[in-house]
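Here is run_18.cif, consisting of mmCIF, C-alpha atoms, pLDDT in the B column; chains and numbers go by the auth columns:
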```
data_coords
loop_
_atom_site.group_PDB
_atom_site.id
_atom_site.type_symbol
_atom_site.label_atom_id
_atom_site.label_comp_id
_atom_site.label_asym_id
_atom_site.label_seq_id
_atom_site.Cartn_x
_atom_site.Cartn_y
_atom_site.Cartn_z
_atom_site.B_iso_or_equiv
_atom_site.auth_seq_id
_atom_site.auth_asym_id
ATOM 1 C CA MET A 1 100.685 143.578 112.763 66.00 1 S
ATOM 2 C CA ILE A 2 103.194 140.709 112.819 71.00 2 S
ATOM 3 C CA GLN A 3 105.447 142.612 115.236 77.00 3 S
ATOM 4 C CA LYS A 4 102.452 143.409 117.455 75.00 4 S
ATOM 5 C CA ILE A 5 101.655 139.688 117.704 70.00 5 S
ATOM 6 C CA LYS A 6 105.302 138.789 118.397 80.00 6 S
ATOM 7 C CA ASN A 7 105.503 141.402 121.159 89.00 7 S
ATOM 8 C CA MET A 8 102.250 140.121 122.601 92.00 8 S
ATOM 9 C CA GLN A 9 103.616 136.572 122.567 94.00 9 S
ATOM 10 C CA GLU A 10 106.325 137.673 124.999 95.00 10 S
ATOM 11 C CA VAL A 11 103.786 139.350 127.288 95.00 11 S
ATOM 12 C CA VAL A 12 101.465 136.327 127.130 96.00 12 S
ATOM 13 C CA ALA A 13 104.283 133.831 127.730 96.00 13 S
ATOM 14 C CA THR A 14 105.332 135.749 130.843 96.00 14 S
ATOM 15 C CA ALA A 15 101.736 135.793 132.117 97.00 15 S
ATOM 16 C CA LEU A 16 101.281 132.065 131.452 97.00 16 S
ATOM 17 C CA GLU A 17 104.550 131.254 133.201 97.00 17 S
ATOM 18 C CA LYS A 18 103.614 133.323 136.245 97.00 18 S
ATOM 19 C CA TYR A 19 99.897 132.452 136.485 96.00 19 S
ATOM 20 C CA ALA A 20 98.964 128.886 135.514 95.00 20 S
ATOM 21 C CA HIS A 21 95.234 129.609 135.977 94.00 21 S
ATOM 22 C CA LEU A 22 95.360 131.835 132.863 96.00 22 S
ATOM 23 C CA ARG A 23 96.418 128.941 130.613 95.00 23 S
ATOM 24 C CA ASP A 24 92.896 127.581 130.092 94.00 24 S
ATOM 25 C CA ASP A 25 90.843 130.763 130.306 94.00 25 S
ATOM 26 C CA ASP A 26 91.117 133.341 127.517 94.00 26 S
ATOM 27 C CA ASN A 27 88.715 135.724 129.270 94.00 27 S
ATOM 28 C CA ARG A 28 90.895 135.839 132.379 95.00 28 S
ATOM 29 C CA LEU A 29 94.016 136.100 130.243 96.00 29 S
ATOM 30 C CA VAL A 30 92.632 139.039 128.246 95.00 30 S
ATOM 31 C CA ALA A 31 91.439 140.753 131.446 94.00 31 S
ATOM 32 C CA TYR A 32 94.864 140.277 133.024 95.00 32 S
ATOM 33 C CA ILE A 33 96.698 141.647 129.950 95.00 33 S
ATOM 34 C CA TRP A 34 94.380 144.670 129.838 93.00 34 S
ATOM 35 C CA TRP A 35 94.829 145.283 133.580 91.00 35 S
ATOM 36 C CA LYS A 36 98.620 145.008 133.210 92.00 36 S
ATOM 37 C CA HIS A 37 98.592 147.344 130.201 91.00 37 S
ATOM 38 C CA LEU A 38 96.578 149.942 132.131 90.00 38 S
ATOM 39 C CA LYS A 39 98.904 149.626 135.128 90.00 39 S
ATOM 40 C CA ASP A 40 102.096 149.783 133.022 92.00 40 S
ATOM 41 C CA ASN A 41 100.794 152.937 131.321 90.00 41 S
ATOM 42 C CA ASN A 42 99.819 154.637 134.587 91.00 42 S
ATOM 43 C CA ILE A 43 96.114 154.648 133.769 87.00 43 S
ATOM 44 C CA PRO A 44 94.141 154.766 137.043 84.00 44 S
ATOM 45 C CA GLU A 45 92.550 151.456 138.040 76.00 45 S
ATOM 46 C CA ASP A 46 89.275 153.181 138.844 82.00 46 S
ATOM 47 C CA ILE A 47 88.519 154.334 135.295 82.00 47 S
ATOM 48 C CA ILE A 48 84.866 154.169 134.382 88.00 48 S
ATOM 49 C CA THR A 49 83.487 151.807 131.796 85.00 49 S
ATOM 50 C CA MET A 50 83.134 154.464 129.114 88.00 50 S
ATOM 51 C CA ASP A 51 86.778 155.489 129.538 92.00 51 S
ATOM 52 C CA PHE A 52 87.830 151.856 129.197 91.00 52 S
ATOM 53 C CA LEU A 53 85.704 151.405 126.095 89.00 53 S
ATOM 54 C CA GLN A 54 87.120 154.574 124.557 93.00 54 S
ATOM 55 C CA LEU A 55 90.660 153.312 125.220 92.00 55 S
ATOM 56 C CA TYR A 56 89.781 150.021 123.537 92.00 56 S
ATOM 57 C CA ALA A 57 88.000 151.629 120.593 93.00 57 S
ATOM 58 C CA SER A 58 90.954 153.952 119.966 95.00 58 S
ATOM 59 C CA ASN A 59 93.432 151.035 119.916 92.00 59 S
ATOM 60 C CA GLN A 60 95.126 152.088 123.148 93.00 60 S
ATOM 61 C CA LEU A 61 94.598 148.605 124.590 93.00 61 S
ATOM 62 C CA PRO A 62 95.778 145.342 123.041 93.00 62 S
ATOM 63 C CA GLN A 63 93.084 143.692 120.953 93.00 63 S
ATOM 64 C CA ALA A 64 91.545 140.583 122.476 94.00 64 S
ATOM 65 C CA ASP A 65 92.130 138.565 119.294 93.00 65 S
ATOM 66 C CA VAL A 66 95.833 139.489 119.287 93.00 66 S
ATOM 67 C CA ILE A 67 96.129 138.278 122.893 96.00 67 S
ATOM 68 C CA THR A 68 94.352 134.985 122.218 95.00 68 S
ATOM 69 C CA ARG A 69 96.273 134.413 118.984 93.00 69 S
ATOM 70 C CA ALA A 70 99.503 134.994 120.891 95.00 70 S
ATOM 71 C CA ARG A 71 98.362 132.516 123.574 94.00 71 S
ATOM 72 C CA ARG A 72 97.716 129.832 120.972 92.00 72 S
ATOM 73 C CA LYS A 73 101.138 130.371 119.379 94.00 73 S
ATOM 74 C CA VAL A 74 102.950 130.387 122.726 95.00 74 S
ATOM 75 C CA GLN A 75 101.239 127.171 123.816 93.00 75 S
ATOM 76 C CA GLU A 76 102.006 125.563 120.460 91.00 76 S
ATOM 77 C CA GLU A 77 105.710 126.352 120.834 95.00 77 S
ATOM 78 C CA LYS A 78 106.034 125.889 124.617 95.00 78 S
ATOM 79 C CA PRO A 79 104.240 122.758 125.852 93.00 79 S
ATOM 80 C CA ASN A 80 105.101 123.594 129.466 94.00 80 S
ATOM 81 C CA LEU A 81 102.758 126.603 129.214 94.00 81 S
ATOM 82 C CA ARG A 82 99.757 124.577 128.089 91.00 82 S
ATOM 83 C CA GLY A 83 96.822 124.353 130.437 87.00 83 S
ATOM 84 C CA LYS A 84 95.100 121.246 131.707 85.00 84 S
ATOM 85 C CA LEU A 85 92.453 121.498 128.992 84.00 85 S
ATOM 86 C CA TRP A 86 94.861 121.920 126.037 81.00 86 S
ATOM 87 C CA ASN A 87 95.014 118.225 125.092 76.00 87 S
ATOM 88 C CA GLU A 88 91.253 117.884 125.516 77.00 88 S
ATOM 89 C CA ARG A 89 90.607 120.823 123.175 77.00 89 S
ATOM 90 C CA HIS A 90 93.003 119.457 120.555 73.00 90 S
ATOM 91 C CA GLN A 91 91.476 115.988 120.678 74.00 91 S
ATOM 92 C CA LEU A 92 88.103 117.546 119.895 73.00 92 S
ATOM 93 C CA LYS A 93 89.577 119.556 117.006 71.00 93 S
ATOM 94 C CA GLU A 94 89.251 116.735 114.462 73.00 94 S
ATOM 95 C CA GLU A 95 85.691 115.976 115.549 75.00 95 S
ATOM 96 C CA VAL A 96 84.718 119.637 115.181 72.00 96 S
ATOM 97 C CA LYS A 97 86.415 119.874 111.772 73.00 97 S
ATOM 98 C CA ASN A 98 84.524 116.806 110.563 77.00 98 S
ATOM 99 C CA ASN A 99 81.205 118.147 111.822 76.00 99 S
ATOM 100 C CA ILE A 100 81.760 121.504 110.123 79.00 100 S
ATOM 101 C CA ASN A 101 82.752 119.927 106.801 73.00 101 S
ATOM 102 C CA HIS A 102 79.713 117.637 106.648 69.00 102 S
#
```
Rewritten as C-alpha coordinates:
Amino acid sequence: MIQKIKNMQEVVATALEKYAHLRDDDNRLVAYIWWKHLKDNNIPEDIITMDFLQLYASNQLPQADVITRARRKVQEEKPNLRGKLWNERHQLKEEVKNNINH
(Lines of atoms letter the chains of each structure in order from A and count residues from 1; the text may use other names and numbers.)
(Lines give C-alpha, C1' and ligand atoms only; values in the text may rest on other atoms or scores of the structure.)
Protein backbone atom coordinates (compact mmCIF):
# COMPACT_ATOMS: atom_id res chain seq x y z
CA MET A 1 0.00 0.00 0.00
CA ILE A 2 2.84 2.40 0.84
CA GLN A 3 4.43 1.86 -2.58
CA LYS A 4 1.05 2.41 -4.27
CA ILE A 5 0.74 5.79 -2.54
CA LYS A 6 4.33 6.76 -3.41
CA ASN A 7 3.76 5.86 -7.07
CA MET A 8 0.53 7.83 -7.05
CA GLN A 9 2.35 10.82 -5.58
CA GLU A 10 4.49 10.96 -8.72
CA VAL A 11 1.44 10.76 -10.98
CA VAL A 12 -0.41 13.40 -8.94
CA ALA A 13 2.60 15.74 -8.80
CA THR A 14 2.91 15.58 -12.59
CA ALA A 15 -0.81 16.34 -12.99
CA LEU A 16 -0.66 19.25 -10.54
CA GLU A 17 2.39 20.68 -12.29
CA LYS A 18 0.74 20.45 -15.70
CA TYR A 19 -2.82 21.48 -14.75
CA ALA A 20 -3.11 24.13 -12.02
CA HIS A 21 -6.93 23.89 -12.03
CA LEU A 22 -6.64 20.41 -10.47
CA ARG A 23 -4.88 21.75 -7.36
CA ASP A 24 -8.06 22.82 -5.57
CA ASP A 25 -10.54 20.26 -6.88
CA ASP A 26 -10.20 16.63 -5.80
CA ASN A 27 -13.13 15.54 -7.97
CA ARG A 28 -11.48 16.89 -11.11
CA LEU A 29 -8.14 15.47 -10.02
CA VAL A 30 -9.59 11.99 -9.46
CA ALA A 31 -11.47 12.15 -12.78
CA TYR A 32 -8.28 13.20 -14.58
CA ILE A 33 -6.21 10.40 -12.97
CA TRP A 34 -8.87 7.83 -13.87
CA TRP A 35 -9.08 9.14 -17.45
CA LYS A 36 -5.27 9.03 -17.75
CA HIS A 37 -5.16 5.51 -16.30
CA LEU A 38 -7.77 4.31 -18.80
CA LYS A 39 -5.90 5.98 -21.67
CA ASP A 40 -2.48 4.65 -20.57
CA ASN A 41 -3.93 1.13 -20.38
CA ASN A 42 -5.60 1.33 -23.80
CA ILE A 43 -9.11 1.07 -22.38
CA PRO A 44 -11.54 2.68 -24.84
CA GLU A 45 -12.81 6.12 -23.79
CA ASP A 46 -16.37 5.16 -24.66
CA ILE A 47 -16.73 2.43 -22.03
CA ILE A 48 -20.15 2.28 -20.46
CA THR A 49 -20.80 3.09 -16.84
CA MET A 50 -21.10 -0.53 -15.76
CA ASP A 51 -17.73 -1.36 -17.33
CA PHE A 52 -16.16 1.57 -15.50
CA LEU A 53 -17.72 0.51 -12.21
CA GLN A 54 -16.53 -3.07 -12.70
CA LEU A 55 -12.99 -1.79 -13.36
CA TYR A 56 -13.16 0.26 -10.16
CA ALA A 57 -14.68 -2.53 -8.07
CA SER A 58 -12.01 -4.98 -9.24
CA ASN A 59 -9.18 -2.58 -8.27
CA GLN A 60 -8.14 -1.96 -11.88
CA LEU A 61 -8.41 1.80 -11.33
CA PRO A 62 -6.58 3.80 -8.66
CA GLN A 63 -8.69 4.31 -5.56
CA ALA A 64 -10.00 7.83 -5.06
CA ASP A 65 -8.68 7.96 -1.49
CA VAL A 66 -5.18 7.00 -2.65
CA ILE A 67 -5.26 9.83 -5.21
CA THR A 68 -6.46 12.42 -2.70
CA ARG A 69 -4.02 11.23 -0.04
CA ALA A 70 -1.22 11.53 -2.58
CA ARG A 71 -2.40 15.06 -3.45
CA ARG A 72 -2.28 16.12 0.19
CA LYS A 73 1.23 14.71 0.62
CA VAL A 74 2.51 16.29 -2.61
CA GLN A 75 1.10 19.69 -1.65
CA GLU A 76 2.57 19.38 1.84
CA GLU A 77 6.04 18.72 0.41
CA LYS A 78 5.85 20.99 -2.66
CA PRO A 79 4.33 24.40 -1.86
CA ASN A 80 4.52 25.44 -5.52
CA LEU A 81 1.86 22.81 -6.29
CA ARG A 82 -0.64 24.13 -3.76
CA GLY A 83 -3.84 25.62 -5.09
CA LYS A 84 -5.29 29.02 -4.34
CA LEU A 85 -7.51 27.56 -1.62
CA TRP A 86 -4.77 25.62 0.23
CA ASN A 87 -3.98 28.34 2.79
CA GLU A 88 -7.68 29.01 3.33
CA ARG A 89 -8.36 25.33 4.04
CA HIS A 90 -5.44 25.10 6.46
CA GLN A 91 -6.49 28.24 8.33
CA LEU A 92 -9.89 26.64 8.91
CA LYS A 93 -8.28 23.40 10.12
CA GLU A 94 -7.84 24.59 13.72
CA GLU A 95 -11.39 25.94 13.85
CA VAL A 96 -12.78 22.63 12.60
CA LYS A 97 -10.64 20.65 15.06
CA ASN A 98 -11.90 22.79 17.94
CA ASN A 99 -15.52 22.40 16.87
CA ILE A 100 -15.17 18.62 16.60
CA ASN A 101 -13.49 18.29 20.00
CA HIS A 102 -16.14 20.33 21.83
Margin query: Neighbouring residues of stretch 45-56 of chain S were defined as those with any atom within 12 Å, considering all atoms listed in the file; residues of the same chain fewer than 5 positions away were excluded. Please report them as a PyMOL selection string.
Written below: chain S and resi 31+34-40+61-64
Item checked: Resolved residues for the PyMOL selection byres ((chain S and resi 12) around 9) as a ChimeraX atom specification -> /S:7-11,13-17,29,33,67-68,70-71,74
Next item on the list: Grab the atom CA of S:Leu22 to atom CA of S:Asn41 distance for me, in Å with one decimal place.
Entry: 21.8 Å
Next item on the list: Return the single residue from S:Ile100, S:Ala20, S:Leu81, S:Val30 that is closest to S:Val66, with distances computed using all atoms listed in the file.
Entry: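 Distance minimum relative to S:Val66 lands on S:Val30.
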Next item on the list: Can you work out the spacing between atom CA of S:Lys18 and atom CA of S:Leu92 in Å, to one decimal?
Entry: 27.5 Å
Notebook entry, point to check: If the PyMOL selection byres ((chain S and resi 82) around 12) is run on the structure shown, which residues does it catch, given as a ChimeraX atom specification?
Noted result: /S:12-13,16-17,19-25,71-81,83-90
Notebook entry, point to check: What separation in Å, quoted to one decimal, exists between atom CA of S:Ile2 and atom CA of S:Asn27?
Noted result: 22.5 Å
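In terms of minimum interatomic distance to S:Lys6, S:Arg69 ranks closest within S:Tyr32, S:Asn101, S:Lys93, S:Arg69, counting only C-alpha atoms.
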